[in-house]
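Scroll down for the structure; my scribbles are underneath it.
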Amino acid sequence: MAEHAKFTEDMIKTHTILVPDMLPIHFKLMISIFEACGYKMELLQNDSRAVVDEGLKNVHNDACYPALLVIGQFMDALNSGKYDPDKTALLITQTGGGCRASNYIHLLRKAVDKNYPQIPVVSLNFSGLEKDSAFKITPWMFLKLLYAVLYGDLLMTCYNKCRAYEVNKGDSKAVLDKWQKELGDIFRSGSKKFMKTKKLYRRILDDFAAVELSGEKKIRVGIVGEIYVKYSPLANNHLEDFLISEGCEPVVPSLLEFVMYCAAGTFNDAKIYDHQTMSSRIYKLGYKLIYSKQKELIRIMKEQGSFEPLHDFEHLRSLADKYIDQGVVMGEGWLIPAEMAALAKSGVDNIICTQPFGCLPNHIVAKGMSRAIKQDNPNANIVAIDYDPGATRVNQENRIKLMLANARR
């Protein structure tokens with residue numbers, strides 16, 4: 001079996017690492033953290049039909065839609081001629097869980113090796129995978145990445161709220177751009193200023209609260225589902241932009257919820273199977289740290305009062321227990337019904353569940369729990385939207401328009 005190109009220490013200075021687009025707000029902050037450590041990174045923004053075509057060309061059509069898009073976006077970028085193959089690397093995440101996403105890396109290497117065998121594929125993971133790479137995450141970097149998730153969640157929440165109601169188009173984007181630059185500069189500087197969260201959170205909240213908003217009442221639409229399609233504009237055909245164009249307010253659960261779901265899954269499994277390990281104990285400690293940071297952000301959002309706070313994760317866990325066991329952790333598992341229930345109980349009655357082709361656990365859990373959640377929340381209007389290479393944007397948008405027509409009635 002041929003050896004794949006490895007990412008070496010020398011490449012840190014010479015190579016540009018391409019990053020697939022999923023959460024533009026969060027990923028830009030994360031990239032600044034890696035840049036502070038000497039890495040050069042670029043967030044891919046190519047999202048034409050050519051991305052899907054490249055994915056179909058390089059990935060077996062039984063693979064899930066997120067794999068097809070991530071690999072298609074990389075191959076489309078490499079084929080554009082914009083990047084020197086001798087000075088380019090690719091970055092892909094691995095959760096290490098039961099989701100097939102952990103195996104995208106092998107599909108990507110197979111696609112890259114055909115035409116660009118010199119390009120190394122780098123894994124970003126916290127599960128001890130790919131130990132022979134020079135791409136390393138130190139404990140200090142992990143801590144900074146956690147703060148980037150917190151700041152990214154706050155920016156995303158405030159931005160979606162403000163741009164749905166802004167009187168002067170572009171005001172919300174100006175505030176977002178200002179804070180992405182300021183936070184990015186803080187992370188790049190190597191200072192510890194990013195840890196002064198109380199001050200920075202309040203400044204961010206106050207800046208967004210100063211955006212002039214109309215007083216009109218709009219339909220609020222929650223977005224849940226498989227993590228990549230839920231967040232990626234490429235994967236969900238710019239769903240948040242479409243909802244705003246339809247006169248709605250998109251409500252997107254925080255990335256931190258998925259991070260905490262992954263951490264909780266490890267020590268939950270240890271409890272369920274009565275098999276405590278060093279790893280499960282470390283994850284439990286990490287969970288307590290992350291949860292304390294989430295509670296601090298929620299408290300400051302409540303004190304400031306302009307924006308609805310994020311969902312408390314322990315509250316999400318208690319909601320999940322009503323519908324499904326927390327041992328169900330394939331894909332997004334119990335997190336999807338928990339987020340649907342939390343949205344419905346907070347007045348977000350209209351919920352879109354993004355369902356990518358090939359993600360069977362996602363389809364089963366999300367669709368299986370929808371009826372039970374609707375029975376508990378009679379006003380809940382839940383619709384599953386399928387995303388795959390053959391699904392047209394028009395069909396997806398028509399289904400959403402039908403849901404909104406029901407909501408308006």
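Following the order of the structure tokens, chains are lettered A, B, ..., residues in each are numbered from 1, and ligands are numbered from 1.
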Find the nearest atom pair between each residue of segment 206-255 of chain A and segment 288-306 of chain A for residues within 12 Å, count only C-alpha atoms, give distances in Å to one decimal, sort rows by chain and ascending number, and present the table as JSON lines.
```
{"residue": "A:Asp206", "atom": "CA", "partner": "A:Gln304", "partner_atom": "CA", "distance": 7.8}
{"residue": "A:Asp207", "atom": "CA", "partner": "A:Ser306", "partner_atom": "CA", "distance": 10.7}
{"residue": "A:Phe208", "atom": "CA", "partner": "A:Ser306", "partner_atom": "CA", "distance": 8.7}
{"residue": "A:Ala209", "atom": "CA", "partner": "A:Ser306", "partner_atom": "CA", "distance": 6.2}
{"residue": "A:Ala210", "atom": "CA", "partner": "A:Ser306", "partner_atom": "CA", "distance": 9.7}
{"residue": "A:Val211", "atom": "CA", "partner": "A:Ser306", "partner_atom": "CA", "distance": 11.0}
{"residue": "A:Leu213", "atom": "CA", "partner": "A:Ser306", "partner_atom": "CA", "distance": 11.5}
{"residue": "A:Ser254", "atom": "CA", "partner": "A:Gln294", "partner_atom": "CA", "distance": 10.3}
{"residue": "A:Leu255", "atom": "CA", "partner": "A:Gln294", "partner_atom": "CA", "distance": 11.3}
```
- Query: So which residues touch Ala344 of chain A within 12 Å, counting only C-alpha atoms, skipping near sequence neighbours fewer than 2 positions away, as a ChimeraX atom specification?
  - Reply: /A:220-224,251,311,319,337-342,346-352,370,373-382
Considering only C-alpha atoms, tabulate each residue of segment 212-297 of chain A that lies at most 10 Å from segment 67-75 of chain A along with its nearest interatomic pair and the corresponding distance in Å to one decimal; arrange the rows by chain and ascending residue number and present them as a Markdown table.
```
| residue | atom | partner | partner_atom | distance |
| --- | --- | --- | --- | --- |
| A:Tyr228 | CA | A:Val70 | CA | 9.4 |
| A:Val229 | CA | A:Leu69 | CA | 9.9 |
| A:Leu234 | CA | A:Leu69 | CA | 8.0 |
| A:Ala235 | CA | A:Leu69 | CA | 7.1 |
```
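For the residues A:Lys218, A:Asp84, A:Arg281, A:Leu18, ranking by smallest atom-to-atom distance to Val122 of chain A using only C-alpha atoms places A:Leu18 first.
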Identify, on the basis of only C-alpha atoms, every residue whose closest approach to Gln180 of chain A does not exceed 9 Å; exclude the query and any residue fewer than 6 positions from it along the same chain; express the result as an mmCIF file with N, CA and C atoms, in the first residue's frame.
```cif
data_model
loop_
_atom_site.group_PDB
_atom_site.id
_atom_site.type_symbol
_atom_site.label_atom_id
_atom_site.label_comp_id
_atom_site.auth_asym_id
_atom_site.auth_seq_id
_atom_site.Cartn_x
_atom_site.Cartn_y
_atom_site.Cartn_z
ATOM 1 N N ILE A 25 -17.999 32.061 10.834
ATOM 2 C CA ILE A 25 -17.698 32.952 11.957
ATOM 3 C C ILE A 25 -16.722 32.286 12.911
ATOM 4 N N LYS A 28 -13.045 31.338 11.287
ATOM 5 C CA LYS A 28 -12.110 32.448 11.111
ATOM 6 C C LYS A 28 -11.380 32.749 12.421
ATOM 7 N N LEU A 29 -12.092 32.642 13.547
ATOM 8 C CA LEU A 29 -11.447 32.849 14.847
ATOM 9 C C LEU A 29 -10.460 31.718 15.132
ATOM 10 N N GLY A 152 -17.534 32.680 19.048
ATOM 11 C CA GLY A 152 -18.220 32.427 17.782
ATOM 12 C C GLY A 152 -19.713 32.227 17.978
ATOM 13 N N LEU A 155 -21.290 35.668 18.728
ATOM 14 C CA LEU A 155 -21.378 36.482 17.504
ATOM 15 C C LEU A 155 -22.469 35.958 16.573
#
```
Show me, as a CSV table (one decimal) with N, CA and C atoms, in the first residue's frame, the residues that have an atom within 10 Å of Thr266 of chain A when counting only C-alpha atoms, minus same-chain residues fewer than 2 positions from it.
```csv
chain,number,residue,atom,x,y,z
A,97,GLY,N,-15.8,9.3,16.8
A,97,GLY,CA,-17.0,8.6,17.2
A,97,GLY,C,-17.5,7.6,16.2
A,261,TYR,N,-21.9,17.7,23.9
A,261,TYR,CA,-22.5,16.4,23.6
A,261,TYR,C,-21.4,15.4,23.4
A,262,CYS,N,-20.4,15.7,22.7
A,262,CYS,CA,-19.3,14.7,22.4
A,262,CYS,C,-18.6,14.4,23.7
A,263,ALA,N,-18.3,15.4,24.5
A,263,ALA,CA,-17.6,15.2,25.8
A,263,ALA,C,-18.5,14.3,26.8
A,264,ALA,N,-19.8,14.7,26.8
A,264,ALA,CA,-20.7,13.9,27.7
A,264,ALA,C,-20.9,12.5,27.3
A,268,ASN,N,-20.6,9.3,29.7
A,268,ASN,CA,-21.9,8.6,29.8
A,268,ASN,C,-21.7,7.1,29.5
A,269,ASP,N,-21.0,6.9,28.4
A,269,ASP,CA,-20.7,5.5,28.0
A,269,ASP,C,-20.0,4.7,29.1
A,270,ALA,N,-19.1,5.4,29.7
A,270,ALA,CA,-18.3,4.8,30.8
A,270,ALA,C,-19.3,4.4,31.9
A,271,LYS,N,-20.3,5.2,32.2
A,271,LYS,CA,-21.3,4.9,33.2
A,271,LYS,C,-22.2,3.8,32.8
A,276,GLN,N,-15.0,2.6,33.7
A,276,GLN,CA,-14.4,3.9,33.8
A,276,GLN,C,-12.9,3.8,33.3
A,277,THR,N,-12.5,4.8,32.6
A,277,THR,CA,-11.1,4.8,32.1
A,277,THR,C,-10.5,6.2,32.4
A,279,SER,N,-9.4,8.1,30.2
A,279,SER,CA,-9.9,9.0,29.2
A,279,SER,C,-11.3,9.5,29.6
A,280,SER,N,-12.2,8.6,30.1
A,280,SER,CA,-13.5,9.1,30.5
A,280,SER,C,-13.5,10.1,31.7
A,281,ARG,N,-12.5,9.9,32.6
A,281,ARG,CA,-12.4,10.8,33.7
A,281,ARG,C,-11.9,12.2,33.2
A,282,ILE,N,-11.0,12.2,32.2
A,282,ILE,CA,-10.4,13.4,31.7
A,282,ILE,C,-11.6,14.2,31.0
A,283,TYR,N,-12.4,13.4,30.2
A,283,TYR,CA,-13.5,14.1,29.5
A,283,TYR,C,-14.5,14.7,30.5
A,284,LYS,N,-14.7,14.0,31.6
A,284,LYS,CA,-15.6,14.5,32.6
A,284,LYS,C,-15.1,15.8,33.2
A,327,GLY,N,-27.7,7.2,25.9
A,327,GLY,CA,-26.7,6.3,25.3
A,327,GLY,C,-26.8,6.3,23.8
A,329,VAL,N,-25.9,7.8,20.8
A,329,VAL,CA,-24.9,8.8,20.4
A,329,VAL,C,-24.3,8.6,19.0
```
List the spatial neighbours of Ile137 of chain A as an MDAnalysis selection string - criterion: any atom at most 10 Å away, only C-alpha atoms, same-chain residues fewer than 2 positions off excluded. chainID A and resid 34 124:126 134:135 139:143 145
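Counting only C-alpha atoms and comparing A:Lys144, A:Ile105, A:Phe242, A:Cys359, the residue that lies closest to Gly184 of chain A is A:Lys144.
For the residues A:Thr88, A:Ser232, A:Asn58, A:Gln326, ranking by smallest atom-to-atom distance to Met41 of chain A using only C-alpha atoms places A:Thr88 first.
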| message | as a ChimeraX atom specification, please: the residues near Gly38 of chain A (cut-off 8 Å, only C-alpha atoms, same-chain neighbours under 2 positions excluded). | response | /A:12-13,34-36,40
Would you save the residues of that selection, restricted to N, CA and C atoms, as a short mmCIF file (atom, residue, chain, number, x, y, z; two decimals), in the first residue's frame?
```
data_model
loop_
_atom_site.label_atom_id
_atom_site.label_comp_id
_atom_site.auth_asym_id
_atom_site.auth_seq_id
_atom_site.Cartn_x
_atom_site.Cartn_y
_atom_site.Cartn_z
N ILE A 12 5.26 23.51 8.16
CA ILE A 12 4.58 24.57 8.93
C ILE A 12 4.97 25.93 8.36
N LYS A 13 6.23 26.07 7.94
CA LYS A 13 6.72 27.35 7.42
C LYS A 13 6.40 27.53 5.94
N PHE A 34 -4.38 29.23 15.13
CA PHE A 34 -3.32 28.45 14.48
C PHE A 34 -2.26 29.36 13.87
N GLU A 35 -2.69 30.51 13.35
CA GLU A 35 -1.73 31.45 12.78
C GLU A 35 -0.77 31.97 13.85
N ALA A 36 -1.26 32.10 15.08
CA ALA A 36 -0.39 32.54 16.18
C ALA A 36 0.70 31.52 16.46
N LYS A 40 -0.03 28.65 8.44
CA LYS A 40 -0.70 29.53 7.47
C LYS A 40 -1.93 28.78 6.97
#
```
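Minimum distance to Ile272 of chain A across A:Lys199, A:Leu150, A:Leu176, A:Val328 (counting only C-alpha atoms) occurs at A:Val328.
Comparing the minimum interatomic distances between Ala63 of chain A and each of A:Phe357, A:Tyr147, A:Phe27, A:Phe307, counting only C-alpha atoms, we find that A:Phe357 sits nearest.
Going from atom CA of Lys110 of chain A to atom CA of Phe258 of chain A covers 28.7 Å.
Relative to atom CA of Ile31 of chain A, atom CA of Phe187 of chain A is found at 9.3 Å.
Distance-wise, atom CA of Ser123 of chain A and atom CA of Thr8 of chain A end up 12.9 Å apart.
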message: Considering only helix (DSSP H, G or I) as DSSP defines it on the backbone, what residues of segment 56-260 of chain A qualify? List them as an MDAnalysis selection string.
response: chainID A and resid 56:58 65:79 85:87 100:115 139:165 171:189 193:195 197:209 227:231 239:245 255:260
Could you turn the residues from that selection into a file that holds C-alpha atoms, as a JSON list (two decimals), in the first residue's frame?
```
[["chain", "number", "residue", "atom", "x", "y", "z"],
["A", 56, "LEU", "CA", -19.55, 12.95, -7.21],
["A", 57, "LYS", "CA", -16.45, 12.35, -9.33],
["A", 58, "ASN", "CA", -14.21, 11.46, -6.37],
["A", 65, "TYR", "CA", -23.53, 14.09, 1.51],
["A", 66, "PRO", "CA", -21.17, 15.95, 3.92],
["A", 67, "ALA", "CA", -18.27, 13.71, 2.79],
["A", 68, "LEU", "CA", -19.10, 14.43, -0.83],
["A", 69, "LEU", "CA", -19.18, 18.20, -0.26],
["A", 70, "VAL", "CA", -16.05, 18.46, 1.89],
["A", 71, "ILE", "CA", -13.98, 16.40, -0.56],
["A", 72, "GLY", "CA", -15.58, 18.14, -3.55],
["A", 73, "GLN", "CA", -14.72, 21.56, -2.13],
["A", 74, "PHE", "CA", -11.09, 20.55, -1.66],
["A", 75, "MET", "CA", -10.76, 19.05, -5.14],
["A", 76, "ASP", "CA", -12.48, 22.03, -6.79],
["A", 77, "ALA", "CA", -10.06, 24.39, -5.00],
["A", 78, "LEU", "CA", -7.00, 22.34, -6.02],
["A", 79, "ASN", "CA", -8.16, 22.10, -9.64],
["A", 85, "PRO", "CA", 0.37, 21.61, -4.93],
["A", 86, "ASP", "CA", 3.95, 21.53, -3.63],
["A", 87, "LYS", "CA", 3.10, 24.06, -0.92],
["A", 100, "ARG", "CA", -18.60, 8.05, 9.21],
["A", 101, "ALA", "CA", -17.11, 11.55, 9.35],
["A", 102, "SER", "CA", -14.15, 10.02, 11.17],
["A", 103, "ASN", "CA", -13.37, 8.15, 7.95],
["A", 104, "TYR", "CA", -13.65, 11.05, 5.50],
["A", 105, "ILE", "CA", -9.89, 11.43, 5.80],
["A", 106, "HIS", "CA", -9.29, 8.11, 4.01],
["A", 107, "LEU", "CA", -11.73, 9.01, 1.21],
["A", 108, "LEU", "CA", -10.03, 12.40, 0.85],
["A", 109, "ARG", "CA", -6.55, 10.86, 0.68],
["A", 110, "LYS", "CA", -7.72, 8.45, -1.99],
["A", 111, "ALA", "CA", -9.08, 11.37, -4.06],
["A", 112, "VAL", "CA", -5.95, 13.51, -3.54],
["A", 113, "ASP", "CA", -3.49, 10.69, -4.31],
["A", 114, "LYS", "CA", -4.84, 10.35, -7.86],
["A", 115, "ASN", "CA", -3.72, 13.81, -8.95],
["A", 139, "PRO", "CA", -3.43, 22.09, 25.85],
["A", 140, "TRP", "CA", -3.00, 25.88, 25.55],
["A", 141, "MET", "CA", -4.27, 25.80, 21.95],
["A", 142, "PHE", "CA", -7.22, 23.64, 23.04],
["A", 143, "LEU", "CA", -8.15, 26.23, 25.67],
["A", 144, "LYS", "CA", -7.98, 29.03, 23.10],
["A", 145, "LEU", "CA", -10.12, 27.01, 20.67],
["A", 146, "LEU", "CA", -12.73, 26.62, 23.42],
["A", 147, "TYR", "CA", -12.87, 30.39, 23.83],
["A", 148, "ALA", "CA", -13.12, 30.77, 20.04],
["A", 149, "VAL", "CA", -16.21, 28.53, 20.11],
["A", 150, "LEU", "CA", -17.75, 30.65, 22.90],
["A", 151, "TYR", "CA", -17.08, 33.94, 21.09],
["A", 152, "GLY", "CA", -18.22, 32.43, 17.78],
["A", 153, "ASP", "CA", -21.50, 31.27, 19.33],
["A", 154, "LEU", "CA", -22.15, 34.71, 20.80],
["A", 155, "LEU", "CA", -21.38, 36.48, 17.50],
["A", 156, "MET", "CA", -23.53, 34.04, 15.51],
["A", 157, "THR", "CA", -26.48, 34.39, 17.89],
["A", 158, "CYS", "CA", -26.40, 38.19, 17.99],
["A", 159, "TYR", "CA", -25.76, 38.53, 14.25],
["A", 160, "ASN", "CA", -28.68, 36.31, 13.24],
["A", 161, "LYS", "CA", -31.01, 38.18, 15.58],
["A", 162, "CYS", "CA", -29.95, 41.66, 14.44],
["A", 163, "ARG", "CA", -29.77, 41.10, 10.69],
["A", 164, "ALA", "CA", -33.33, 39.74, 10.69],
["A", 165, "TYR", "CA", -34.66, 43.05, 12.04],
["A", 171, "ASP", "CA", -25.28, 47.46, 10.18],
["A", 172, "SER", "CA", -25.18, 43.98, 11.73],
["A", 173, "LYS", "CA", -22.47, 42.80, 9.32],
["A", 174, "ALA", "CA", -20.36, 45.85, 10.21],
["A", 175, "VAL", "CA", -20.50, 44.93, 13.92],
["A", 176, "LEU", "CA", -19.72, 41.28, 13.12],
["A", 177, "ASP", "CA", -16.73, 42.24, 10.95],
["A", 178, "LYS", "CA", -15.42, 44.60, 13.64],
["A", 179, "TRP", "CA", -15.50, 41.85, 16.29],
["A", 180, "GLN", "CA", -14.11, 39.14, 14.09],
["A", 181, "LYS", "CA", -11.13, 41.38, 13.40],
["A", 182, "GLU", "CA", -10.65, 42.43, 17.03],
["A", 183, "LEU", "CA", -10.94, 38.90, 18.41],
["A", 184, "GLY", "CA", -8.76, 37.54, 15.61],
["A", 185, "ASP", "CA", -6.08, 40.12, 16.43],
["A", 186, "ILE", "CA", -6.27, 39.18, 20.13],
["A", 187, "PHE", "CA", -5.80, 35.47, 19.36],
["A", 188, "ARG", "CA", -2.94, 36.17, 16.93],
["A", 189, "SER", "CA", -1.14, 38.41, 19.41],
["A", 193, "LYS", "CA", -6.69, 39.16, 26.75],
["A", 194, "PHE", "CA", -9.14, 36.66, 25.22],
["A", 195, "MET", "CA", -9.68, 35.30, 28.75],
["A", 197, "THR", "CA", -14.57, 37.25, 28.84],
["A", 198, "LYS", "CA", -16.89, 39.32, 31.02],
["A", 199, "LYS", "CA", -15.61, 42.58, 29.56],
["A", 200, "LEU", "CA", -15.49, 41.31, 25.96],
["A", 201, "TYR", "CA", -18.91, 39.61, 26.12],
["A", 202, "ARG", "CA", -20.54, 42.79, 27.40],
["A", 203, "ARG", "CA", -18.87, 44.94, 24.73],
["A", 204, "ILE", "CA", -20.02, 42.54, 21.99],
["A", 205, "LEU", "CA", -23.58, 42.46, 23.35],
["A", 206, "ASP", "CA", -23.71, 46.25, 23.71],
["A", 207, "ASP", "CA", -22.40, 46.78, 20.16],
["A", 208, "PHE", "CA", -25.05, 44.50, 18.65],
["A", 209, "ALA", "CA", -27.73, 45.99, 20.94],
["A", 227, "ILE", "CA", -23.76, 19.20, 12.29],
["A", 228, "TYR", "CA", -22.23, 19.93, 8.87],
["A", 229, "VAL", "CA", -25.49, 20.55, 6.99],
["A", 230, "LYS", "CA", -26.93, 22.48, 9.94],
["A", 231, "TYR", "CA", -24.11, 25.02, 9.92],
["A", 239, "LEU", "CA", -30.50, 28.43, 4.54],
["A", 240, "GLU", "CA", -30.11, 31.29, 7.03],
["A", 241, "ASP", "CA", -29.94, 33.87, 4.21],
["A", 242, "PHE", "CA", -33.03, 32.33, 2.59],
["A", 243, "LEU", "CA", -35.02, 32.50, 5.84],
["A", 244, "ILE", "CA", -34.12, 36.17, 6.27],
["A", 245, "SER", "CA", -35.17, 36.86, 2.67],
["A", 255, "LEU", "CA", -21.62, 24.87, 18.40],
["A", 256, "LEU", "CA", -20.73, 24.50, 22.08],
["A", 257, "GLU", "CA", -23.75, 22.20, 22.48],
["A", 258, "PHE", "CA", -22.19, 19.72, 20.04],
["A", 259, "VAL", "CA", -18.79, 19.99, 21.76],
["A", 260, "MET", "CA", -20.39, 19.24, 25.13]]
```
